[in-house]
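Data block below; observations after.
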Amino acid sequence: MLFAAAPFLCAREVTYVDVAPILYKHCAGCHHPNDIAPMAMLDYRETRPWATAIRESVLSKKMPPWKADPRYGTWSNDWSLRDSEIAAIKAWVDQGSKEGDPKLLPPAPVFSTEWKIGKPDAVFSIPPHTLTPGGPDEYEQFTVPTNFTEDRWVIAAELRPGNRKIVHHAHVFVNAAEKQKSVKTDTAKDPQAEYAQWLVVNENKLSWIRPEAPVIDDGCVVDDNSYWPGKKPRDAEFGNWGMLSSYLPGREPDIFPEGTARKIPAGSNFSFQIHYSKATKKPEIDVTSVGIIFATEPPKQIAKRVDLSNFFFLIPPGNPNVEVTECHTFKQDMYVTSLTPHMHLRGKDARFDVTYPDGRKETLLFVPHYNFNWQITYRMSEPKFIPNGTRLAIISHFDNSPNNPLNPNPAEVVRWGGASEMEMMDGWIEYLDALPGVMPAGQSAQARF
């Protein structure tokens with residue numbers, strides 16, 4: 001029975017006084033004035049009109065929007081409700097949504113408009129961007145120089161939209177300065193580079209794969225089977241691949257594990273990628289910023305990230321269950337600290353499975369009901385040891401049928417592209433190298449194997 005954990009609730013009256021601490025802890029983070037949720041839940045007067053909707057949302061587990069299957073992994077940022085908390089909310093509404101004695105209420109949380117990471121050591125902002133009211137959503141990219149003359153180590157980053165009414169989601173990447181290339185006298189062309197350039201179409205600040213490109217749904221035939229030609233998955237410490245922070249509904253700032261930091265090389269730029277929604281139907285202005293906090297000393301370990309992707313899938317029209325995979329074998333001992341599946345509007349579910357060198361298999365994360373509106377980074381309660389030679393498989397499914405309420409057009413053939421109406425199949429893995437004699441913060445000896 002779903003609510004067996006709280007049978008006492010049937011034996012006494014449940015009032016707002018009983019459920020307010022639950023709402024404060026699990027809901028008010030978004031449901032407070034001037035934030036992303038459409039209503040506040042900080043007092044009885046604000047909450048009572050929504051009582052029935054709250055009951056239905058928690059019973060269906062639509063809210064809070066935690067998508068991980070509880071059978072796999074434990075997560076430090078798990079904000080889902082316990083069965084006893086769901087039962088309390090159900091009983092409160094079923095009994096008439098009464099207020100109770102307001103003198104017994106705990107203090108409501110206070111939410112600051114200041115930075116969640118505390119006062120940043122540095123803030124970098126895009127130039128003011130004006131959004132016109134007509135036409136489709138906009139996908140903009142902005143480059144902002146850091147002007148760093150030396151490498152800097154960052155322990156926290158927070159991406160903040162200047163105008164939450166129009167910023168649907170946003171990412172900021174670290175683009176390392178390109179090293180000076182020597183002049184080549186050999187003018188021979190690189191066929192692989194030419195082919196990679198031919199594959200992608202760039203138009204109006206958006207990119208997508210050419211429709212006639214080869215189709216590879218099963219990226220696990222061989223490792224990195226569906227990655228971009230001439231490239232391999234790279235972590236955020238090297239090259240110009242590293243995402244530093246993201247803004248998504250309900251997502252917390254990027255705070256790296258204790259004793260670790262992310263490197264921003266000297267001369268780097270920040271590349272902002274922002275999806276602007278035109279839901280307000282009027283002119284708007286946005287100045288999105290990223291705030292960062294520097295490490296006070298060099299880190300014990302470098303916070304790294306590797307992105308795995310399938311770029312060559314094809315989703316047929318009307319198909320409710322298209323499987324797309326990608327695999328990668330890790331070449332070093334490591335500790336995984338977080339996992340993030342990324343798809344767009346047709347994303348249905350995502351699974352991260354590993355096969356260890358001894359043949360043992362384990363599911364690290366399963367998201368059975370993926371939702372583009374809630375792109376969650378799942379942060380492990382303890383760093384997960386992954387030995388050299390472990391193969392990671394990302395298995396995702398897409399629903400391009402009319403039964404998918406988010407589907408913009410089930411009659412379309414869908415391939416990889418930057419717009420939300422197109423698709424992506426990514427897995428973002430944050431990790432630490434496993435160094436001899438170094439145990440990551442929060443890691444228990446038993447968790448290594």
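Labeling convention for the structure tokens: chains A, B, ... as they appear, residues from 1 per chain, ligands from 1 in order of appearance.
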
Exercise: Val215 of chain A partners within 7 Å, only C-alpha atoms, chain neighbours under 2 positions left out, as a list in words: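 Answer for this query is Ala213, Asp217, Phe312, Phe313 and Leu314 of chain A.
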
Which residues, written as a list in words, have at least one atom at most 9 Å from Ile386 of chain A, with only C-alpha atoms counted and residues fewer than 3 positions away on the same chain left out?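 Neighbouring residues, sequence-local ones excluded: Phe330, Gln332, Asp333, Met334, Tyr335, Val336, Val354, Tyr356, Gly389, Thr390, Ala434, Arg448 and Phe449 of chain A.
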
Please identify all polymer residues within 10 Å of Gly230 of chain A, counting only C-alpha atoms, omitting same-chain residues fewer than 5 positions from it, and present them as a ChimeraX atom specification. /A:192-193,195-196

Selected residues written out, C-alpha atoms, as a PDB file, in the first residue's frame:
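And here's selection.pdb as it stands now:
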ATOM      1  CA  GLN A 192      37.590  14.022 -42.615  1.00  0.00           C
ATOM      2  CA  ALA A 193      37.378  17.692 -41.640  1.00  0.00           C
ATOM      3  CA  TYR A 195      33.152  15.724 -44.375  1.00  0.00           C
ATOM      4  CA  ALA A 196      32.444  16.882 -40.811  1.00  0.00           C
TER       5      ALA A 196
END

Check the smallest atom-to-atom distance from each of A:Leu206, A:Met63, A:Leu406, A:Ala393 to Cys327 of chain A using only C-alpha atoms, then report the winner. A:Ala393

Please report as CSV every residue of segment 351-399 of chain A lying within 12 Å of segment 167-178 of chain A, along with the nearest atom pair and their distance in Å (one decimal), using only C-alpha atoms.
residue,atom,partner,partner_atom,distance
A:Phe372,CA,A:His169,CA,10.4
A:Asn373,CA,A:His168,CA,8.9
A:Trp374,CA,A:His169,CA,10.2
A:Gln375,CA,A:His169,CA,9.5

If DSSP is run on the backbone, what residues of segment 95-262 of chain A are alpha helix (DSSP H)? A reply as a VMD selection string would be ideal. chain A and resid 191 to 199

Among the residues A:Thr52, A:Thr113, A:Asn388, A:Ser309, the one that comes closest to Ile89 of chain A [using only C-alpha atoms]: A:Thr52

Counting only C-alpha atoms, the residue among A:Gly135, A:Gly347, A:Pro387, A:Pro410 that lies closest to Tyr370 of chain A is A:Gly347

Please determine, counting only C-alpha atoms, which residue among A:Tyr378, A:Phe398, A:Phe272, A:Phe148 has the shortest atom-to-atom distance to Pro316 of chain A. A:Phe398

Contact residues around Ile22 of chain A with only C-alpha atoms at 10 Å, ignoring same-chain residues under 2 positions, as a ChimeraX atom specification: /A:16-20,24-28,81-82,85-86,88-89

Write the selection just made, keeping C-alpha atoms, as a PDB file, in the first residue's frame?
ATOM      1  CA  TYR A  16      -2.007  23.323   7.139  1.00  0.00           C
ATOM      2  CA  VAL A  17       0.169  23.511  10.235  1.00  0.00           C
ATOM      3  CA  ASP A  18       1.134  19.872   9.593  1.00  0.00           C
ATOM      4  CA  VAL A  19       1.843  20.205   5.877  1.00  0.00           C
ATOM      5  CA  ALA A  20       3.478  23.648   5.848  1.00  0.00           C
ATOM      6  CA  TYR A  24       8.481  24.860   2.785  1.00  0.00           C
ATOM      7  CA  LYS A  25      11.116  22.153   2.278  1.00  0.00           C
ATOM      8  CA  HIS A  26      10.085  20.671  -1.069  1.00  0.00           C
ATOM      9  CA  CYS A  27       7.996  23.291  -2.891  1.00  0.00           C
ATOM     10  CA  ALA A  28       8.732  26.825  -1.753  1.00  0.00           C
ATOM     11  CA  LEU A  81       8.490  13.422  -1.209  1.00  0.00           C
ATOM     12  CA  ARG A  82       8.453  10.445   1.142  1.00  0.00           C
ATOM     13  CA  GLU A  85       4.674  13.327   3.308  1.00  0.00           C
ATOM     14  CA  ILE A  86       2.419  12.503   0.370  1.00  0.00           C
ATOM     15  CA  ALA A  88      -0.044  14.047   4.963  1.00  0.00           C
ATOM     16  CA  ILE A  89      -0.896  16.307   2.023  1.00  0.00           C
TER      17      ILE A  89
END

Identify, on the basis of only C-alpha atoms, every residue whose closest approach to Lys278 of chain A does not exceed 7 Å; exclude the query and any residue fewer than 5 positions from it along the same chain; express the result as a list of chain:residue names.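 Final neighbour list, sorted by chain and number: A:Pro133, A:Asp137, A:Ile166.
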
Output file for the selection above: N, CA and C atoms, as a PDB file, in the first residue's frame:
ATOM      1  N   PRO A 133       8.677  40.887 -30.124  1.00  0.00           N
ATOM      2  CA  PRO A 133       7.510  40.082 -29.721  1.00  0.00           C
ATOM      3  C   PRO A 133       7.080  39.037 -30.746  1.00  0.00           C
ATOM      4  N   ASP A 137      10.615  31.324 -31.181  1.00  0.00           N
ATOM      5  CA  ASP A 137      11.610  31.493 -30.124  1.00  0.00           C
ATOM      6  C   ASP A 137      12.990  31.731 -30.738  1.00  0.00           C
ATOM      7  N   ILE A 166      11.507  35.383 -20.010  1.00  0.00           N
ATOM      8  CA  ILE A 166      11.806  35.042 -21.394  1.00  0.00           C
ATOM      9  C   ILE A 166      12.932  34.015 -21.545  1.00  0.00           C
TER      10      ILE A 166
END
